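**Student:** my_file-v3.cif is reproduced in full below (mmCIF, C-alpha atoms).
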```cif
data_start
#
loop_
_atom_site.label_atom_id
_atom_site.label_comp_id
_atom_site.auth_asym_id
_atom_site.auth_seq_id
_atom_site.Cartn_x
_atom_site.Cartn_y
_atom_site.Cartn_z
CA MET Y 1 -47.68 -2.68 68.37
CA ARG Y 2 -43.92 -2.11 68.08
CA PHE Y 3 -43.37 -5.85 68.36
CA ILE Y 4 -45.64 -6.49 65.35
CA ALA Y 5 -43.93 -3.76 63.32
CA ARG Y 6 -40.48 -5.23 64.12
CA ALA Y 7 -41.66 -8.73 63.27
CA VAL Y 8 -43.05 -7.58 59.92
CA ALA Y 9 -39.88 -5.58 59.15
CA THR Y 10 -37.69 -8.56 60.02
CA ALA Y 11 -39.79 -10.89 57.87
CA LEU Y 12 -39.63 -8.49 54.91
CA PHE Y 13 -35.88 -8.07 55.30
CA GLY Y 14 -35.39 -11.85 55.48
CA THR Y 15 -37.49 -12.38 52.38
CA ALA Y 16 -35.54 -9.72 50.48
CA MET Y 17 -32.22 -11.26 51.49
CA ALA Y 18 -33.36 -14.75 50.48
CA ALA Y 19 -34.45 -13.49 47.05
CA THR Y 20 -31.23 -11.54 46.39
CA PRO Y 21 -29.42 -14.42 44.61
CA LEU Y 22 -32.38 -14.83 42.28
CA LEU Y 23 -32.33 -11.15 41.43
CA ALA Y 24 -28.60 -11.19 40.76
CA GLN Y 25 -28.90 -13.33 37.64
CA THR Y 26 -27.78 -11.70 34.40
CA VAL Y 27 -29.73 -12.81 31.31
CA THR Y 28 -28.73 -12.28 27.69
CA VAL Y 29 -30.62 -13.56 24.67
CA ASP Y 30 -29.82 -13.34 20.98
CA TYR Y 31 -31.48 -14.93 17.98
CA ASP Y 32 -31.72 -14.99 14.20
CA HIS Y 33 -34.25 -12.26 13.44
CA THR Y 34 -35.18 -13.85 10.11
CA VAL Y 35 -36.64 -17.00 11.73
CA ASN Y 36 -40.31 -17.42 12.67
CA PHE Y 37 -39.97 -19.41 15.90
CA LEU Y 38 -43.73 -19.92 16.22
CA LYS Y 39 -43.60 -22.65 13.58
CA PHE Y 40 -41.50 -24.90 15.84
CA LYS Y 41 -43.59 -27.32 17.93
CA THR Y 42 -41.13 -30.09 18.88
CA TYR Y 43 -37.55 -30.26 20.08
CA THR Y 44 -34.89 -32.92 20.52
CA TRP Y 45 -31.97 -32.79 22.93
CA GLN Y 46 -28.59 -32.77 21.20
CA LYS Y 47 -26.51 -32.55 24.36
CA LEU Y 48 -26.75 -31.43 27.97
CA HIS Y 49 -23.75 -30.93 30.26
CA ALA Y 50 -23.27 -29.60 33.76
CA THR Y 51 -20.28 -29.84 36.08
CA ASP Y 52 -22.50 -31.60 38.63
CA PRO Y 53 -24.53 -34.47 37.04
CA SER Y 54 -27.45 -33.86 39.41
CA VAL Y 55 -27.72 -30.35 37.94
CA GLU Y 56 -28.16 -31.89 34.46
CA SER Y 57 -31.40 -33.56 35.49
CA ARG Y 58 -32.59 -30.33 37.17
CA ILE Y 59 -31.90 -28.37 33.95
CA ASN Y 60 -33.69 -31.04 31.89
CA ILE Y 61 -36.78 -31.00 34.13
CA ALA Y 62 -36.94 -27.20 34.28
CA LEU Y 63 -36.46 -26.80 30.53
CA LYS Y 64 -39.07 -29.43 29.71
CA HIS Y 65 -41.57 -27.73 32.03
CA ASP Y 66 -40.92 -24.26 30.61
CA MET Y 67 -40.91 -25.40 26.97
CA GLU Y 68 -44.27 -27.12 27.48
CA GLY Y 69 -45.53 -23.72 28.61
CA ARG Y 70 -44.40 -22.45 25.20
CA TYR Y 71 -46.33 -25.26 23.43
CA MET Y 72 -43.17 -27.18 22.57
CA THR Y 73 -42.98 -30.92 23.10
CA GLU Y 74 -39.84 -32.99 23.60
CA VAL Y 75 -39.43 -35.89 21.16
CA ASP Y 76 -36.73 -38.57 21.10
CA SER Y 77 -35.65 -37.76 17.54
CA GLY Y 78 -36.67 -35.69 14.55
CA GLY Y 79 -37.67 -32.54 16.43
CA ASP Y 80 -38.30 -29.26 14.62
CA VAL Y 81 -35.28 -27.87 16.52
CA THR Y 82 -32.37 -29.29 18.47
CA ILE Y 83 -31.49 -27.97 21.93
CA THR Y 84 -28.17 -27.92 23.75
CA ALA Y 85 -27.48 -26.72 27.27
CA VAL Y 86 -24.20 -26.32 29.10
CA GLU Y 87 -23.43 -25.10 32.61
CA ALA Y 88 -19.93 -24.92 34.05
CA ASN Y 89 -18.81 -23.77 37.45
CA GLN Y 90 -15.28 -25.10 37.81
CA ASP Y 91 -13.33 -24.50 34.62
CA LYS Y 92 -13.90 -22.59 31.37
CA ALA Y 93 -12.39 -25.56 29.52
CA GLU Y 94 -15.74 -27.30 30.13
CA PHE Y 95 -17.36 -24.90 27.66
CA ILE Y 96 -14.67 -25.56 25.05
CA SER Y 97 -14.88 -29.35 25.49
CA PHE Y 98 -18.67 -29.23 25.26
CA TYR Y 99 -18.71 -27.31 21.97
CA ASN Y 100 -15.87 -29.35 20.47
CA SER Y 101 -17.89 -32.51 21.13
CA LEU Y 102 -20.99 -31.30 19.26
CA GLY Y 103 -19.62 -32.20 15.84
CA GLY Y 104 -20.82 -29.61 13.35
CA PHE Y 105 -22.93 -27.44 15.64
CA ASP Y 106 -21.30 -24.03 15.62
CA TRP Y 107 -20.83 -21.71 18.59
CA GLN Y 108 -21.09 -18.69 16.30
CA HIS Y 109 -23.59 -17.87 13.57
CA VAL Y 110 -21.76 -17.55 10.27
CA SER Y 111 -23.88 -14.91 8.61
CA GLY Y 112 -23.45 -11.36 9.87
CA ALA Y 113 -26.34 -10.18 7.72
CA THR Y 114 -28.99 -11.02 10.31
CA GLY Y 115 -27.47 -8.99 13.13
CA PHE Y 116 -27.16 -12.19 15.15
CA LEU Y 117 -24.08 -12.89 17.26
CA ASP Y 118 -21.88 -10.46 15.42
CA SER Y 119 -20.07 -9.30 18.54
CA GLY Y 120 -17.13 -11.68 18.20
CA THR Y 121 -17.72 -13.21 21.63
CA THR Y 122 -15.52 -16.23 22.29
CA LEU Y 123 -15.88 -19.09 24.73
CA GLN Y 124 -13.13 -17.52 26.83
CA ASP Y 125 -15.47 -14.54 27.38
CA VAL Y 126 -18.17 -16.69 29.02
CA PRO Y 127 -17.99 -16.38 32.82
CA LEU Y 128 -18.14 -19.44 35.05
CA ASP Y 129 -21.52 -20.22 36.63
CA THR Y 130 -23.24 -19.49 33.33
CA LEU Y 131 -26.01 -21.63 31.89
CA ILE Y 132 -26.23 -21.46 28.10
CA VAL Y 133 -29.28 -22.84 26.27
CA GLU Y 134 -29.16 -22.91 22.48
CA ILE Y 135 -31.61 -23.85 19.77
CA TYR Y 136 -30.31 -25.11 16.43
CA ASN Y 137 -31.78 -26.07 13.08
CA PRO Y 138 -31.30 -29.87 13.14
CA LYS Y 139 -30.75 -30.14 9.38
CA THR Y 140 -28.23 -27.33 8.85
CA HIS Y 141 -26.82 -27.18 12.42
CA GLN Y 142 -27.33 -23.42 12.20
CA LEU Y 143 -27.62 -21.64 15.53
CA LEU Y 144 -31.06 -20.00 15.74
CA TRP Y 145 -31.41 -18.80 19.35
CA ARG Y 146 -29.11 -18.50 22.36
CA GLY Y 147 -29.92 -17.60 25.92
CA ALA Y 148 -27.33 -17.28 28.67
CA VAL Y 149 -27.85 -16.64 32.35
CA THR Y 150 -25.07 -16.12 34.85
CA GLU Y 151 -26.11 -17.71 38.11
CA PRO Y 152 -24.98 -16.87 41.61
CA VAL Y 153 -23.36 -19.81 43.39
CA THR Y 154 -25.18 -21.19 46.42
CA LYS Y 155 -23.97 -23.80 48.85
CA SER Y 156 -27.41 -25.27 49.55
CA GLU Y 157 -28.66 -27.97 47.17
CA ASP Y 158 -32.26 -26.82 47.67
CA LYS Y 159 -31.33 -23.23 46.79
CA ASN Y 160 -29.35 -24.51 43.79
CA ASP Y 161 -32.48 -26.28 42.50
CA ARG Y 162 -34.51 -23.09 42.89
CA THR Y 163 -31.75 -21.03 41.28
CA ILE Y 164 -31.56 -23.36 38.28
CA ASP Y 165 -35.35 -23.48 37.94
CA HIS Y 166 -35.46 -19.69 38.04
CA ALA Y 167 -32.55 -19.35 35.58
CA VAL Y 168 -34.22 -21.64 33.04
CA THR Y 169 -37.54 -19.86 33.49
CA LEU Y 170 -35.86 -16.50 32.90
CA LEU Y 171 -34.29 -17.78 29.68
CA ILE Y 172 -37.35 -19.51 28.29
CA SER Y 173 -39.55 -16.52 29.14
CA LYS Y 174 -37.67 -14.80 26.30
CA TYR Y 175 -38.67 -17.57 23.86
CA PRO Y 176 -40.15 -17.41 21.27
CA PRO Y 177 -38.97 -13.97 20.22
CA LYS Y 178 -41.38 -11.77 18.35
CA TYR Y 179 -41.31 -12.30 14.59
CA LYS Y 180 -41.70 -9.43 12.16
CA LYS Y 181 -42.50 -10.42 8.61
CA PRO Y 182 -39.95 -8.99 6.18
#
```
So that I can check it, write out the structure of this file as structure tokens.
**Tutor:**
Amino acid sequence: MRFIARAVATALFGTAMAATPLLAQTVTVDYDHTVNFLKFKTYTWQKLHATDPSVESRINIALKHDMEGRYMTEVDSGGDVTITAVEANQDKAEFISFYNSLGGFDWQHVSGATGFLDSGTTLQDVPLDTLIVEIYNPKTHQLLWRGAVTEPVTKSEDKNDRTIDHAVTLLISKYPPKYKKP
């Protein structure tokens, strides 16, 4: 009987330790509260960047899967919204280079009237190992929604895939935000 109890306790402890990196993710989401996100049905990729190119495809697959669960379909061009995603784990300059290359898509929301991104956060404030997913209006290049998740670093490629999948799922679970008619 003691053997079974020890085996169960060991299995539970092992499971808890394996899940710890997934629980350590920090998620923040902000959005323009004046936008009804339920009207958006399609999206187009503007740009996707990760330090490791294999991570880019993992982010793309995970985001596509989770957006389909939100009744959003990826289209080659002309989507209702444009999505960008950036993940950096070596140098903060990757974030700066990424946003400088977007050409007209702003990191910050210009209008403070909506209560959206008024904190004055800069790219230097973004910690490494952070995945940022943003949704823009494709016509005005106005930032509509931003989700960021800080990921724990793992050495195993399989664990990295699970960590990225979980990070994207955490972010997209916050989309679409609830809309309150003015």
**Student:** Would you compute an axis-aligned box for stretch 56-59 of chain Y, covering every atom listed for it in the file with 4 Å of margin on each side, and report centre and edge lengths in Å to one decimal as lines of an AutoDock Vina configuration file?
**Tutor:**
```
center_x = -30.4
center_y = -31.0
center_z = 35.6
size_x = 12.4
size_y = 13.2
size_z = 11.2
```
**Student:** Expanded to explicit residues, what is the PyMOL selection byres ((chain Y and resi 179) around 6) for this file, as a PyMOL selection string?
**Tutor:** chain Y and resi 36+178+180
**Student:** Any chance you could work out the residue set of the PyMOL selection byres ((chain Y and resi 59) around 12) here, as a ChimeraX atom specification?
**Tutor:** /Y:45,47-58,60-67,84-87,131-133,160-169,171-172
**Student:** Between atom CA of Y:Asp158 and atom CA of Y:Thr26, what distance in Å does the model show, to one decimal?
**Tutor:**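 One can read the atom CA of Y:Asp158 to atom CA of Y:Thr26 distance as 20.6 Å.
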**Student:** Give me, please, the distance in Å between atom CA of Y:Thr34 and atom CA of Y:Lys181, quoted to one decimal.
**Tutor:** 8.2 Å
**Student:** Given the file above and the PyMOL selection byres ((chain Y and resi 32) around 6), which residues are selected, and can you give them as number ranges by chain?
**Tutor:** Y: 31, 33-35, 116, 144
**Student:** Kindly save the residues from that selection, with C-alpha atoms included, as a tab-separated table (two decimals), in the coordinates of the input.
**Tutor:**
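So again.tsv came out as:
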```tsv
chain	number	residue	atom	x	y	z
Y	31	TYR	CA	-31.48	-14.93	17.98
Y	33	HIS	CA	-34.25	-12.26	13.44
Y	34	THR	CA	-35.18	-13.85	10.11
Y	35	VAL	CA	-36.64	-17.00	11.73
Y	116	PHE	CA	-27.16	-12.19	15.15
Y	144	LEU	CA	-31.06	-20.00	15.74
```
**Student:** Select, from Y:Asn137, Y:Thr82, Y:Thr130, Y:Asn89, the residue with the minimum atom-to-atom distance to Y:Val149, counting only C-alpha atoms.
**Tutor:**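 Looking at the shortest contact to Y:Val149, the residue is Y:Thr130.
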**Student:** Could you tell me how far atom CA of Y:Lys41 sits from atom CA of Y:Met72, in Å to one decimal place?
**Tutor:**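 Answer for the atom CA of Y:Met72 to atom CA of Y:Lys41 separation: 4.7 Å.
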**Student:** Could you check the closest approach to Y:Asp80 for each of Y:Gly103, Y:Pro138, Y:Pro176, Y:Gly147 and tell me which residue wins, using only C-alpha atoms?
**Tutor:**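 Looking only at the distances to Y:Asp80, the closest residue turns out to be Y:Pro138.
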**Student:** So, counting all atoms listed in the file, which residue among Y:Val29, Y:Val75, Y:Ser173, Y:Arg146 is closest to Y:Glu134?
**Tutor:**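 Of Y:Val29, Y:Val75, Y:Ser173, Y:Arg146, the one nearest Y:Glu134 is Y:Arg146, counting all atoms listed in the file.
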**Student:** Return stretch 58-69 of chain Y, completed with all heavy atoms, as a PDB file, in the frame of the given file.
**Tutor:**
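The file below, rebuild_35.pdb, is the result:
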```pdb
ATOM      1  N   ARG Y  58     -31.802 -31.509  36.757  1.00  0.00           N
ATOM      2  CA  ARG Y  58     -32.590 -30.330  37.170  1.00  0.00           C
ATOM      3  C   ARG Y  58     -32.821 -29.405  35.971  1.00  0.00           C
ATOM      4  O   ARG Y  58     -33.915 -28.885  35.775  1.00  0.00           O
ATOM      5  CB  ARG Y  58     -31.816 -29.588  38.277  1.00  0.00           C
ATOM      6  CG  ARG Y  58     -32.565 -28.484  38.897  1.00  0.00           C
ATOM      7  CD  ARG Y  58     -33.638 -29.004  39.823  1.00  0.00           C
ATOM      8  NE  ARG Y  58     -34.921 -28.556  39.338  1.00  0.00           N
ATOM      9  CZ  ARG Y  58     -36.077 -29.141  39.578  1.00  0.00           C
ATOM     10  NH1 ARG Y  58     -36.150 -30.209  40.319  1.00  0.00           N
ATOM     11  NH2 ARG Y  58     -37.187 -28.677  39.102  1.00  0.00           N
ATOM     12  N   ILE Y  59     -31.777 -29.198  35.149  1.00  0.00           N
ATOM     13  CA  ILE Y  59     -31.900 -28.370  33.950  1.00  0.00           C
ATOM     14  C   ILE Y  59     -32.904 -29.002  32.987  1.00  0.00           C
ATOM     15  O   ILE Y  59     -33.772 -28.325  32.436  1.00  0.00           O
ATOM     16  CB  ILE Y  59     -30.539 -28.170  33.263  1.00  0.00           C
ATOM     17  CG1 ILE Y  59     -29.622 -27.315  34.142  1.00  0.00           C
ATOM     18  CG2 ILE Y  59     -30.702 -27.530  31.877  1.00  0.00           C
ATOM     19  CD1 ILE Y  59     -28.170 -27.284  33.687  1.00  0.00           C
ATOM     20  N   ASN Y  60     -32.792 -30.317  32.802  1.00  0.00           N
ATOM     21  CA  ASN Y  60     -33.690 -31.040  31.890  1.00  0.00           C
ATOM     22  C   ASN Y  60     -35.152 -30.893  32.332  1.00  0.00           C
ATOM     23  O   ASN Y  60     -36.026 -30.574  31.524  1.00  0.00           O
ATOM     24  CB  ASN Y  60     -33.285 -32.509  31.826  1.00  0.00           C
ATOM     25  CG  ASN Y  60     -34.046 -33.276  30.772  1.00  0.00           C
ATOM     26  OD1 ASN Y  60     -34.818 -32.723  29.997  1.00  0.00           O
ATOM     27  ND2 ASN Y  60     -33.830 -34.572  30.741  1.00  0.00           N
ATOM     28  N   ILE Y  61     -35.408 -31.100  33.606  1.00  0.00           N
ATOM     29  CA  ILE Y  61     -36.780 -31.000  34.130  1.00  0.00           C
ATOM     30  C   ILE Y  61     -37.313 -29.577  33.980  1.00  0.00           C
ATOM     31  O   ILE Y  61     -38.434 -29.370  33.525  1.00  0.00           O
ATOM     32  CB  ILE Y  61     -36.814 -31.447  35.612  1.00  0.00           C
ATOM     33  CG1 ILE Y  61     -36.578 -32.957  35.720  1.00  0.00           C
ATOM     34  CG2 ILE Y  61     -38.129 -31.056  36.279  1.00  0.00           C
ATOM     35  CD1 ILE Y  61     -36.259 -33.435  37.122  1.00  0.00           C
ATOM     36  N   ALA Y  62     -36.494 -28.597  34.356  1.00  0.00           N
ATOM     37  CA  ALA Y  62     -36.940 -27.200  34.280  1.00  0.00           C
ATOM     38  C   ALA Y  62     -37.182 -26.778  32.832  1.00  0.00           C
ATOM     39  O   ALA Y  62     -38.182 -26.126  32.527  1.00  0.00           O
ATOM     40  CB  ALA Y  62     -35.890 -26.287  34.922  1.00  0.00           C
ATOM     41  N   LEU Y  63     -36.292 -27.187  31.927  1.00  0.00           N
ATOM     42  CA  LEU Y  63     -36.460 -26.800  30.530  1.00  0.00           C
ATOM     43  C   LEU Y  63     -37.694 -27.460  29.922  1.00  0.00           C
ATOM     44  O   LEU Y  63     -38.467 -26.820  29.209  1.00  0.00           O
ATOM     45  CB  LEU Y  63     -35.219 -27.147  29.706  1.00  0.00           C
ATOM     46  CG  LEU Y  63     -35.247 -26.472  28.355  1.00  0.00           C
ATOM     47  CD1 LEU Y  63     -34.500 -25.157  28.422  1.00  0.00           C
ATOM     48  CD2 LEU Y  63     -34.684 -27.346  27.291  1.00  0.00           C
ATOM     49  N   LYS Y  64     -37.896 -28.734  30.232  1.00  0.00           N
ATOM     50  CA  LYS Y  64     -39.070 -29.430  29.710  1.00  0.00           C
ATOM     51  C   LYS Y  64     -40.355 -28.734  30.187  1.00  0.00           C
ATOM     52  O   LYS Y  64     -41.275 -28.489  29.409  1.00  0.00           O
ATOM     53  CB  LYS Y  64     -39.062 -30.893  30.154  1.00  0.00           C
ATOM     54  CG  LYS Y  64     -40.207 -31.700  29.604  1.00  0.00           C
ATOM     55  CD  LYS Y  64     -40.086 -33.161  29.961  1.00  0.00           C
ATOM     56  CE  LYS Y  64     -41.231 -33.924  29.330  1.00  0.00           C
ATOM     57  NZ  LYS Y  64     -41.086 -35.344  29.465  1.00  0.00           N
ATOM     58  N   HIS Y  65     -40.396 -28.398  31.460  1.00  0.00           N
ATOM     59  CA  HIS Y  65     -41.570 -27.730  32.030  1.00  0.00           C
ATOM     60  C   HIS Y  65     -41.824 -26.383  31.344  1.00  0.00           C
ATOM     61  O   HIS Y  65     -42.944 -26.063  30.954  1.00  0.00           O
ATOM     62  CB  HIS Y  65     -41.377 -27.536  33.530  1.00  0.00           C
ATOM     63  CG  HIS Y  65     -42.487 -26.782  34.181  1.00  0.00           C
ATOM     64  ND1 HIS Y  65     -42.424 -25.420  34.390  1.00  0.00           N
ATOM     65  CD2 HIS Y  65     -43.690 -27.186  34.649  1.00  0.00           C
ATOM     66  CE1 HIS Y  65     -43.546 -25.025  34.967  1.00  0.00           C
ATOM     67  NE2 HIS Y  65     -44.334 -26.068  35.131  1.00  0.00           N
ATOM     68  N   ASP Y  66     -40.753 -25.588  31.194  1.00  0.00           N
ATOM     69  CA  ASP Y  66     -40.920 -24.260  30.610  1.00  0.00           C
ATOM     70  C   ASP Y  66     -41.203 -24.318  29.109  1.00  0.00           C
ATOM     71  O   ASP Y  66     -41.948 -23.494  28.589  1.00  0.00           O
ATOM     72  CB  ASP Y  66     -39.698 -23.390  30.892  1.00  0.00           C
ATOM     73  CG  ASP Y  66     -39.625 -22.975  32.350  1.00  0.00           C
ATOM     74  OD1 ASP Y  66     -40.671 -22.997  33.035  1.00  0.00           O
ATOM     75  OD2 ASP Y  66     -38.536 -22.627  32.819  1.00  0.00           O
ATOM     76  N   MET Y  67     -40.632 -25.282  28.403  1.00  0.00           N
ATOM     77  CA  MET Y  67     -40.910 -25.400  26.970  1.00  0.00           C
ATOM     78  C   MET Y  67     -42.354 -25.864  26.731  1.00  0.00           C
ATOM     79  O   MET Y  67     -42.996 -25.440  25.765  1.00  0.00           O
ATOM     80  CB  MET Y  67     -39.929 -26.352  26.284  1.00  0.00           C
ATOM     81  CG  MET Y  67     -38.519 -25.795  26.207  1.00  0.00           C
ATOM     82  SD  MET Y  67     -38.393 -24.225  25.343  1.00  0.00           S
ATOM     83  CE  MET Y  67     -38.183 -24.780  23.675  1.00  0.00           C
ATOM     84  N   GLU Y  68     -42.863 -26.723  27.603  1.00  0.00           N
ATOM     85  CA  GLU Y  68     -44.270 -27.120  27.480  1.00  0.00           C
ATOM     86  C   GLU Y  68     -45.177 -25.908  27.632  1.00  0.00           C
ATOM     87  O   GLU Y  68     -46.212 -25.819  26.989  1.00  0.00           O
ATOM     88  CB  GLU Y  68     -44.626 -28.188  28.524  1.00  0.00           C
ATOM     89  CG  GLU Y  68     -44.074 -29.553  28.194  1.00  0.00           C
ATOM     90  CD  GLU Y  68     -44.268 -30.578  29.309  1.00  0.00           C
ATOM     91  OE1 GLU Y  68     -44.703 -30.210  30.422  1.00  0.00           O
ATOM     92  OE2 GLU Y  68     -43.960 -31.754  29.060  1.00  0.00           O
ATOM     93  N   GLY Y  69     -44.780 -24.965  28.457  1.00  0.00           N
ATOM     94  CA  GLY Y  69     -45.530 -23.720  28.610  1.00  0.00           C
ATOM     95  C   GLY Y  69     -45.473 -22.852  27.365  1.00  0.00           C
ATOM     96  O   GLY Y  69     -46.257 -21.929  27.206  1.00  0.00           O
TER      97      GLY Y  69
END
```
